[in-house]
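S.K.: Got a structure for you, questions after.
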Amino acid sequence: MEPTAIIRKTPADWRVAPNFSDYGAERARFDWNAVAASLTGPMGVNIGWAATDRWLATKKAERVAFRFLAAGQPPKEMTYAELARQSNRFANLLRQLGCAPGTVVFVLAERIPELFVSVLGSLKCGCVASPLFSAFGPEPIATRINLGRGKVLVTTDLLYGRKVAGWREAMPTLQHVLLVAAEGGQTAVPGTHDFASLMAAASDAPVAGVTAAEDLALLHFTSGTTGTPKGAMHVHAAMLTHWATGYYALDLHPDDIFWCTADPGWVTGTSYGIIAPLLHGVTSLVDREEFDAERWYGILQDQGVTVWYTAPTAIRMLMKAGAELAQRYRFPALRFIASVGEPLNPEAVWWGKEVFGLPIHDNWWQTETGGIMIANTPAFDIKPGSMGRPLPGVEATIVKRNEEDDVSVIDTPDVEGELALKAGWPSMFRGYLNNEERYRKCFAGPNHEWYLTGDLAKRDADGYFWFVGRLDDVIKSAGHLIGPFEVESALMEHPAVAEAGVIGKPDPVVGEMVKAFVSLKKGWEDSEALRRELLAHARKRLGAAVAPKEIAVLASLPRTRSGKIMRRLLKARELGLPEGDTSTLEGGA
Ligand code: AMP
């Protein structure tokens, strides 16, 4: 294993021919209008229609759209035709409840079929769908429903009892709560409707009405460093990006069995766990259970997954579980693996080669971009540690912020700056809910043409982008700008390290001193000698100016429920400061 080597792609690597092979030519010929034409129909530009009814007149109608897996139960399958009918019912049901286009429908549920039906039905009805993560506690749920002025909530009887019922008074806009009975059957909870009964009574004919490309479709909440969560608003035209990225970045082919492991309560789980695979007519797996290394290897093997979209945390947890476990399984069907959400260390890319015979393709995007923007694809070589290159239809660059509203583009390769995207791709967020000012501040340059991502990155001479860190997490030490990711990556290269998080610790001499926190892989014990070894290893890789000066070993590092290491929390704990909002902390409220 050689972390700095390039993984060359040759036709011999392809188990099927990829959707494109000439990056430059594809970018030159790409046209969003052509994508739009193929996804528009009798309901106008409507994600719900394009994902389901669009297939009805084709052979795909009887293909399985979703295969739902749950421990101890046989898989439940839903065909495209059935999904079209069920989502029609939900759209009609919303109409009967008096929901008009633009009404916000929240869905709070584990990964059960009703969640998917509700989201697609809301979209067909012209309502705005907002899936919430079922592991959120009552307060974040209420905060989001209030910010979104939610009128309808679909949830389960169990979640309602635990997280919503006691807070109903605090959610004055909520008019209708629809409960799915966790154990099947019906519910009879005062102040709520029974989901199954309303569905049974509703028509499964297509709901009347059309939506336009710029009509609001989805509301995703994202946390800033300060203040309440921001509601990123997305429109129906976002599906153009979902389709294009499913094609280029995930290489979806019509016969694929696709597994996106993200929960729909996060943007990845909606864009790629619901919309993109349906637009491509593939079969998606949905697993109700939480991460478990054996279970996941079993699913990949037994379900014949061909394309797998997952996250670095999961990959690192599989790595931590050891190679022997992986060797008990075979993955002959698997042909493409992609990852998103946080930096993917070069070791993880290579580990994919070792265990699956396939490298892991890192890609980059964020809630605001609505879909994948920068990616490693089957069409070009991988430089492990890089996020890849901008997809067709996407223009990315590195900028330096000057005055407010003004930026200069950095053309020189390998110079760090803020990652910016040329505004105008279809899934670009159209605003932060009730916060026009904050939205405006995300754009700069002539005609506000650059969207500023808040991420620090650099672009190399071959046009590959390298993530450096969030702008707000960057460490300034002795005048050097240090990206924590770079330091973490170096630590991860040590065989003892399972995960690493690095912060800037205030220091009277150098401003901030780099401090690292790590957890260890199975079989390793914390000792002073090991800590010294890790520091020496990092210093050797990074040079004394960048390497951590202090290191602490923890049993595990605090993570958000979406898997990102919470450096902020490490820092607060280190400095004995208040921990702030920990509602997204894994294992928290
Ligand atoms: P979210 O909006 O929660 O999806 O988070 C988006 C942020 O996650 C980005 O702005 C990055 O800071 C980080 N992120 C997403 N994908 C990657 C990636 N491939 N490499 C590094 N950071 C990433």
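How things are named: the first chain in the structure tokens is A, the next is B, and so on; residues count from 1 in each chain; ligands count from 1 in the order shown.
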Can you write out as a tab-separated table which residues of chain A fall within 6 Å of ligand 1, alongside each residue's closest atom pair and its distance in Å to one decimal, counting only C-alpha atoms and all ligand atoms and ordering rows by chain and ascending residue number?
M.R.:
residue	atom	partner	partner_atom_place_in_ligand_line	distance
A:Thr222	CA	ligand 1	2 (O)	5.9
A:Val340	CA	ligand 1	19 (N)	4.6
A:Gly341	CA	ligand 1	16 (N)	3.6
A:Glu342	CA	ligand 1	23 (C)	3.7
A:Pro343	CA	ligand 1	21 (C)	3.5
A:Asp362	CA	ligand 1	19 (N)	5.3
A:Asn363	CA	ligand 1	19 (N)	4.4
A:Trp364	CA	ligand 1	19 (N)	3.8
A:Trp365	CA	ligand 1	16 (N)	5.1
A:Gln366	CA	ligand 1	6 (C)	3.6
A:Thr367	CA	ligand 1	2 (O)	3.7
A:Met387	CA	ligand 1	19 (N)	5.4
A:Asp455	CA	ligand 1	12 (O)	5.5
A:Phe467	CA	ligand 1	21 (C)	5.4
A:Arg470	CA	ligand 1	12 (O)	5.1
S.K.: Keeping only N, CA, C and O atoms, write the selected residues as a PDB file, in the first residue's frame.
M.R.:
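Writing the result to part14.pdb gives the following:
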ATOM      1  N   THR A 222     -29.516  22.526   8.130  1.00  0.00           N
ATOM      2  CA  THR A 222     -28.079  22.312   8.278  1.00  0.00           C
ATOM      3  C   THR A 222     -27.605  23.196   9.414  1.00  0.00           C
ATOM      4  O   THR A 222     -28.136  24.286   9.609  1.00  0.00           O
ATOM      5  N   VAL A 340     -19.034   9.978   0.795  1.00  0.00           N
ATOM      6  CA  VAL A 340     -19.212  11.427   0.932  1.00  0.00           C
ATOM      7  C   VAL A 340     -19.382  11.839   2.372  1.00  0.00           C
ATOM      8  O   VAL A 340     -19.674  11.012   3.232  1.00  0.00           O
ATOM      9  N   GLY A 341     -19.209  13.112   2.627  1.00  0.00           N
ATOM     10  CA  GLY A 341     -19.637  13.689   3.894  1.00  0.00           C
ATOM     11  C   GLY A 341     -18.523  14.226   4.754  1.00  0.00           C
ATOM     12  O   GLY A 341     -18.730  15.116   5.563  1.00  0.00           O
ATOM     13  N   GLU A 342     -17.367  13.693   4.618  1.00  0.00           N
ATOM     14  CA  GLU A 342     -16.220  14.139   5.399  1.00  0.00           C
ATOM     15  C   GLU A 342     -14.987  13.645   4.654  1.00  0.00           C
ATOM     16  O   GLU A 342     -15.103  12.828   3.738  1.00  0.00           O
ATOM     17  N   PRO A 343     -13.852  14.124   5.048  1.00  0.00           N
ATOM     18  CA  PRO A 343     -12.655  13.720   4.317  1.00  0.00           C
ATOM     19  C   PRO A 343     -12.447  12.207   4.333  1.00  0.00           C
ATOM     20  O   PRO A 343     -12.633  11.558   5.354  1.00  0.00           O
ATOM     21  N   ASP A 362     -14.182   9.076  -3.498  1.00  0.00           N
ATOM     22  CA  ASP A 362     -14.644  10.166  -2.636  1.00  0.00           C
ATOM     23  C   ASP A 362     -15.361  11.200  -3.485  1.00  0.00           C
ATOM     24  O   ASP A 362     -14.958  11.468  -4.620  1.00  0.00           O
ATOM     25  N   ASN A 363     -16.433  11.774  -2.943  1.00  0.00           N
ATOM     26  CA  ASN A 363     -16.992  12.945  -3.613  1.00  0.00           C
ATOM     27  C   ASN A 363     -17.418  13.988  -2.598  1.00  0.00           C
ATOM     28  O   ASN A 363     -17.519  13.702  -1.404  1.00  0.00           O
ATOM     29  N   TRP A 364     -17.601  15.174  -3.090  1.00  0.00           N
ATOM     30  CA  TRP A 364     -17.844  16.325  -2.198  1.00  0.00           C
ATOM     31  C   TRP A 364     -19.126  17.049  -2.576  1.00  0.00           C
ATOM     32  O   TRP A 364     -19.387  17.286  -3.748  1.00  0.00           O
ATOM     33  N   TRP A 365     -19.878  17.383  -1.570  1.00  0.00           N
ATOM     34  CA  TRP A 365     -20.980  18.335  -1.721  1.00  0.00           C
ATOM     35  C   TRP A 365     -21.465  18.706  -0.343  1.00  0.00           C
ATOM     36  O   TRP A 365     -20.890  18.260   0.653  1.00  0.00           O
ATOM     37  N   GLN A 366     -22.505  19.527  -0.257  1.00  0.00           N
ATOM     38  CA  GLN A 366     -23.026  19.942   1.046  1.00  0.00           C
ATOM     39  C   GLN A 366     -24.523  20.221   0.910  1.00  0.00           C
ATOM     40  O   GLN A 366     -25.051  20.272  -0.216  1.00  0.00           O
ATOM     41  N   THR A 367     -25.186  20.393   2.032  1.00  0.00           N
ATOM     42  CA  THR A 367     -26.629  20.592   2.036  1.00  0.00           C
ATOM     43  C   THR A 367     -27.023  21.677   1.028  1.00  0.00           C
ATOM     44  O   THR A 367     -27.978  21.523   0.273  1.00  0.00           O
ATOM     45  N   MET A 387     -10.758  14.917  -3.523  1.00  0.00           N
ATOM     46  CA  MET A 387     -12.208  14.763  -3.686  1.00  0.00           C
ATOM     47  C   MET A 387     -12.586  14.548  -5.142  1.00  0.00           C
ATOM     48  O   MET A 387     -13.738  14.329  -5.458  1.00  0.00           O
ATOM     49  N   ASP A 455     -15.717  26.095   2.815  1.00  0.00           N
ATOM     50  CA  ASP A 455     -14.688  25.053   2.933  1.00  0.00           C
ATOM     51  C   ASP A 455     -13.377  25.577   2.387  1.00  0.00           C
ATOM     52  O   ASP A 455     -13.343  26.282   1.380  1.00  0.00           O
ATOM     53  N   PHE A 467      -9.476  18.692  -0.183  1.00  0.00           N
ATOM     54  CA  PHE A 467     -10.126  19.323   0.966  1.00  0.00           C
ATOM     55  C   PHE A 467      -9.084  19.632   2.029  1.00  0.00           C
ATOM     56  O   PHE A 467      -8.229  18.806   2.324  1.00  0.00           O
ATOM     57  N   ARG A 470     -12.872  22.901   7.154  1.00  0.00           N
ATOM     58  CA  ARG A 470     -13.886  23.952   7.177  1.00  0.00           C
ATOM     59  C   ARG A 470     -13.154  25.254   7.464  1.00  0.00           C
ATOM     60  O   ARG A 470     -12.210  25.259   8.250  1.00  0.00           O
TER      61      ARG A 470
END
S.K.: Write out as a ChimeraX atom specification which residues come within 6 Å of Thr306 (chain A) when counting only C-alpha atoms, dropping same-chain ones fewer than 2 positions away.
M.R.: /A:256-257,333-335
S.K.: Restricting the output to N, CA and C atoms, write the selected residues as a compact mmCIF listing (two decimals), in the first residue's frame.
M.R.:
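Result file result.txt:
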# COMPACT_ATOMS: atom_id res chain seq x y z
N ASP A 256 -28.84 -1.85 -11.92
CA ASP A 256 -28.10 -1.83 -10.66
C ASP A 256 -28.95 -2.15 -9.43
N ILE A 257 -28.27 -2.74 -8.45
CA ILE A 257 -28.79 -2.85 -7.09
C ILE A 257 -27.95 -1.85 -6.30
N ALA A 333 -20.64 -9.12 -7.19
CA ALA A 333 -21.51 -8.20 -7.94
C ALA A 333 -21.05 -6.74 -7.82
N LEU A 334 -20.38 -6.44 -6.72
CA LEU A 334 -20.04 -5.04 -6.43
C LEU A 334 -19.08 -4.51 -7.50
N ARG A 335 -19.41 -3.33 -8.07
CA ARG A 335 -18.52 -2.79 -9.10
C ARG A 335 -18.14 -1.34 -8.89
S.K.: What's around Leu520 (chain A) at 7 Å? Count only C-alpha atoms, leave out sequence neighbours fewer than 2 positions away in its own chain, and write the answer as number ranges by chain.
M.R.: A: 496-498, 518, 522, 524
S.K.: Just how far from CA of Phe336 (chain A) is CA of Lys59 (chain A), in Å to one decimal?
M.R.: 25.0 Å
S.K.: Looking only at the backbone, which of the residues in region 373-500 of chain A does DSSP tag as helix (DSSP H, G or I), as a list in words?
M.R.: Glu436, Glu437, Arg438, Tyr439, Arg440, Pro446, Asn447, His448, Leu471, Asp472, Asp473, Pro484, Phe485, Glu486, Val487, Glu488, Ser489, Ala490, Leu491 and Met492 of chain A
S.K.: Quick one: write out the picked residues with C-alpha atoms as a short mmCIF file (atom, residue, chain, number, x, y, z; two decimals), in the first residue's frame?
M.R.:
data_model
loop_
_atom_site.label_atom_id
_atom_site.label_comp_id
_atom_site.auth_asym_id
_atom_site.auth_seq_id
_atom_site.Cartn_x
_atom_site.Cartn_y
_atom_site.Cartn_z
CA GLU A 436 -32.28 36.32 3.09
CA GLU A 437 -29.32 38.21 4.52
CA ARG A 438 -27.39 35.06 5.34
CA TYR A 439 -28.15 33.64 1.91
CA ARG A 440 -26.93 36.78 0.17
CA PRO A 446 -19.28 40.07 -10.18
CA ASN A 447 -23.09 39.59 -10.24
CA HIS A 448 -22.64 37.45 -7.13
CA LEU A 471 -12.94 27.58 7.11
CA ASP A 472 -13.97 27.92 10.69
CA ASP A 473 -11.93 24.94 11.94
CA PRO A 484 -6.70 19.72 10.63
CA PHE A 485 -7.54 17.17 7.94
CA GLU A 486 -3.99 17.08 6.77
CA VAL A 487 -2.79 16.35 10.30
CA GLU A 488 -5.52 13.77 10.90
CA SER A 489 -4.67 12.01 7.66
CA ALA A 490 -1.05 11.70 8.68
CA LEU A 491 -2.05 10.22 12.03
CA MET A 492 -4.46 7.84 10.31
#
S.K.: Quick one: distance from CA of Asp460 (chain A) to CA of Ala375 (chain A) in Å, one decimal?
M.R.: 14.4 Å
S.K.: Near Ala188 (chain A), within 12 Å and counting only C-alpha atoms, which residues show up once chain neighbours fewer than 2 positions away are dropped, as a PyMOL selection string?
M.R.: chain A and resi 156-157+177-181+185-186+190-197
S.K.: Next, write the just-selected residues to a file, as a compact mmCIF listing (two decimals), in the first residue's frame, keeping all heavy atoms as the atom set.
M.R.:
# COMPACT_ATOMS: atom_id res chain seq x y z
N THR A 156 -44.20 7.89 13.56
CA THR A 156 -44.73 6.62 14.05
C THR A 156 -45.32 6.84 15.44
O THR A 156 -45.00 7.83 16.12
CB THR A 156 -43.63 5.55 14.15
OG1 THR A 156 -42.69 5.98 15.14
CG2 THR A 156 -42.93 5.35 12.83
N ASP A 157 -46.16 5.90 15.87
CA ASP A 157 -46.79 6.06 17.19
C ASP A 157 -45.71 6.09 18.29
O ASP A 157 -45.79 6.88 19.23
CB ASP A 157 -47.84 4.97 17.45
CG ASP A 157 -47.35 3.56 17.15
OD1 ASP A 157 -46.18 3.41 16.70
OD2 ASP A 157 -48.13 2.62 17.34
N VAL A 177 -51.16 15.51 12.52
CA VAL A 177 -50.10 14.52 12.78
C VAL A 177 -50.64 13.16 12.34
O VAL A 177 -51.70 12.73 12.78
CB VAL A 177 -49.72 14.50 14.27
CG1 VAL A 177 -48.69 13.40 14.54
CG2 VAL A 177 -49.15 15.85 14.69
N LEU A 178 -49.91 12.51 11.46
CA LEU A 178 -50.33 11.21 10.92
C LEU A 178 -49.41 10.14 11.50
O LEU A 178 -48.18 10.22 11.33
CB LEU A 178 -50.20 11.20 9.39
CG LEU A 178 -51.32 11.86 8.59
CD1 LEU A 178 -51.47 13.32 8.94
CD2 LEU A 178 -51.04 11.71 7.10
N LEU A 179 -50.00 9.16 12.16
CA LEU A 179 -49.18 8.15 12.84
C LEU A 179 -49.19 6.81 12.13
O LEU A 179 -50.25 6.27 11.81
CB LEU A 179 -49.67 7.94 14.27
CG LEU A 179 -49.58 9.12 15.23
CD1 LEU A 179 -49.88 8.64 16.64
CD2 LEU A 179 -48.21 9.78 15.18
N VAL A 180 -48.00 6.29 11.91
CA VAL A 180 -47.84 4.94 11.39
C VAL A 180 -47.69 4.03 12.60
O VAL A 180 -46.89 4.33 13.49
CB VAL A 180 -46.56 4.84 10.52
CG1 VAL A 180 -46.37 3.42 10.00
CG2 VAL A 180 -46.62 5.84 9.37
N ALA A 181 -48.46 2.95 12.63
CA ALA A 181 -48.35 2.02 13.76
C ALA A 181 -47.07 1.21 13.59
O ALA A 181 -46.89 0.52 12.58
CB ALA A 181 -49.56 1.10 13.79
N GLY A 185 -50.95 -2.49 11.67
CA GLY A 185 -52.31 -2.22 12.18
C GLY A 185 -52.59 -0.74 12.26
O GLY A 185 -52.02 0.06 11.51
N GLN A 186 -53.46 -0.37 13.21
CA GLN A 186 -53.92 1.02 13.26
C GLN A 186 -53.55 1.67 14.58
O GLN A 186 -53.27 1.01 15.56
CB GLN A 186 -55.44 1.05 13.09
CG GLN A 186 -55.85 0.55 11.72
CD GLN A 186 -57.31 0.79 11.44
OE1 GLN A 186 -58.08 1.11 12.34
NE2 GLN A 186 -57.69 0.65 10.19
N PRO A 190 -55.18 10.27 20.65
CA PRO A 190 -55.92 11.54 20.58
C PRO A 190 -55.08 12.63 19.90
O PRO A 190 -53.87 12.70 20.11
CB PRO A 190 -56.15 11.89 22.06
CG PRO A 190 -56.01 10.60 22.80
CD PRO A 190 -55.10 9.73 22.01
N GLY A 191 -55.74 13.42 19.09
CA GLY A 191 -55.06 14.55 18.44
C GLY A 191 -54.25 14.16 17.22
O GLY A 191 -53.48 14.98 16.69
N THR A 192 -54.39 12.90 16.76
CA THR A 192 -53.63 12.47 15.58
C THR A 192 -54.55 11.70 14.62
O THR A 192 -55.66 11.32 15.00
CB THR A 192 -52.47 11.53 15.96
OG1 THR A 192 -53.02 10.28 16.40
CG2 THR A 192 -51.59 12.12 17.04
N HIS A 193 -54.06 11.49 13.41
CA HIS A 193 -54.76 10.65 12.44
C HIS A 193 -54.00 9.33 12.31
O HIS A 193 -52.79 9.29 12.49
CB HIS A 193 -54.76 11.28 11.05
CG HIS A 193 -55.32 12.65 10.98
ND1 HIS A 193 -56.66 12.91 10.86
CD2 HIS A 193 -54.71 13.86 10.99
CE1 HIS A 193 -56.86 14.22 10.79
NE2 HIS A 193 -55.69 14.82 10.87
N ASP A 194 -54.73 8.29 11.92
CA ASP A 194 -54.08 7.02 11.63
C ASP A 194 -53.66 7.02 10.17
O ASP A 194 -54.49 7.15 9.26
CB ASP A 194 -55.04 5.86 11.92
CG ASP A 194 -54.41 4.54 11.53
OD1 ASP A 194 -53.28 4.26 11.98
OD2 ASP A 194 -55.02 3.80 10.73
N PHE A 195 -52.37 6.91 9.93
CA PHE A 195 -51.82 6.97 8.58
C PHE A 195 -52.48 5.92 7.67
O PHE A 195 -52.95 6.22 6.57
CB PHE A 195 -50.30 6.75 8.65
CG PHE A 195 -49.59 6.84 7.34
CD1 PHE A 195 -49.07 8.05 6.88
CD2 PHE A 195 -49.39 5.71 6.54
CE1 PHE A 195 -48.40 8.14 5.67
CE2 PHE A 195 -48.73 5.79 5.32
CZ PHE A 195 -48.22 7.00 4.89
N ALA A 196 -52.51 4.68 8.16
CA ALA A 196 -52.98 3.58 7.31
C ALA A 196 -54.44 3.78 6.90
O ALA A 196 -54.82 3.56 5.74
CB ALA A 196 -52.81 2.25 8.04
N SER A 197 -55.28 4.26 7.83
CA SER A 197 -56.70 4.44 7.49
C SER A 197 -56.87 5.54 6.46
O SER A 197 -57.65 5.40 5.51
CB SER A 197 -57.52 4.82 8.73
OG SER A 197 -57.23 3.96 9.78
S.K.: Could you list, as a PyMOL selection string, every residue within 9 Å of region 312-329 of chain A, counting only C-alpha atoms and ignoring same-chain residues fewer than 6 positions away?
M.R.: chain A and resi 291-294+296-298+300-301+339-345+348+351-352+354-356+362+498-499+520-522+562-564
S.K.: Can you tell me, as a PyMOL selection string, what residues are no more than 9 Å from Ala205 (chain A) when counting only C-alpha atoms, ignoring any on the same chain fewer than 5 positions away?
M.R.: chain A and resi 85+88-89+92
S.K.: Would you please extract all strand (DSSP E or B) residues from region 368-464 of chain A, as assigned by DSSP on the backbone, and give them as a ChimeraX atom specification?
M.R.: /A:374-375,382,388-390,396-401,407-409,417-422,431-432,443-444,450-459
S.K.: Of the candidates A:Ile47, A:Ala135, A:Ala12, A:Ile6, which shows the shortest atom-to-atom distance to His236 (chain A), using only C-alpha atoms?
M.R.: A:Ile47
S.K.: Fewer than 2 positions away in the same chain doesn't count, so skip those; otherwise give me all residues within 10 Å of Phe258 (chain A), counting only C-alpha atoms, as a count of residues only.
M.R.: 26
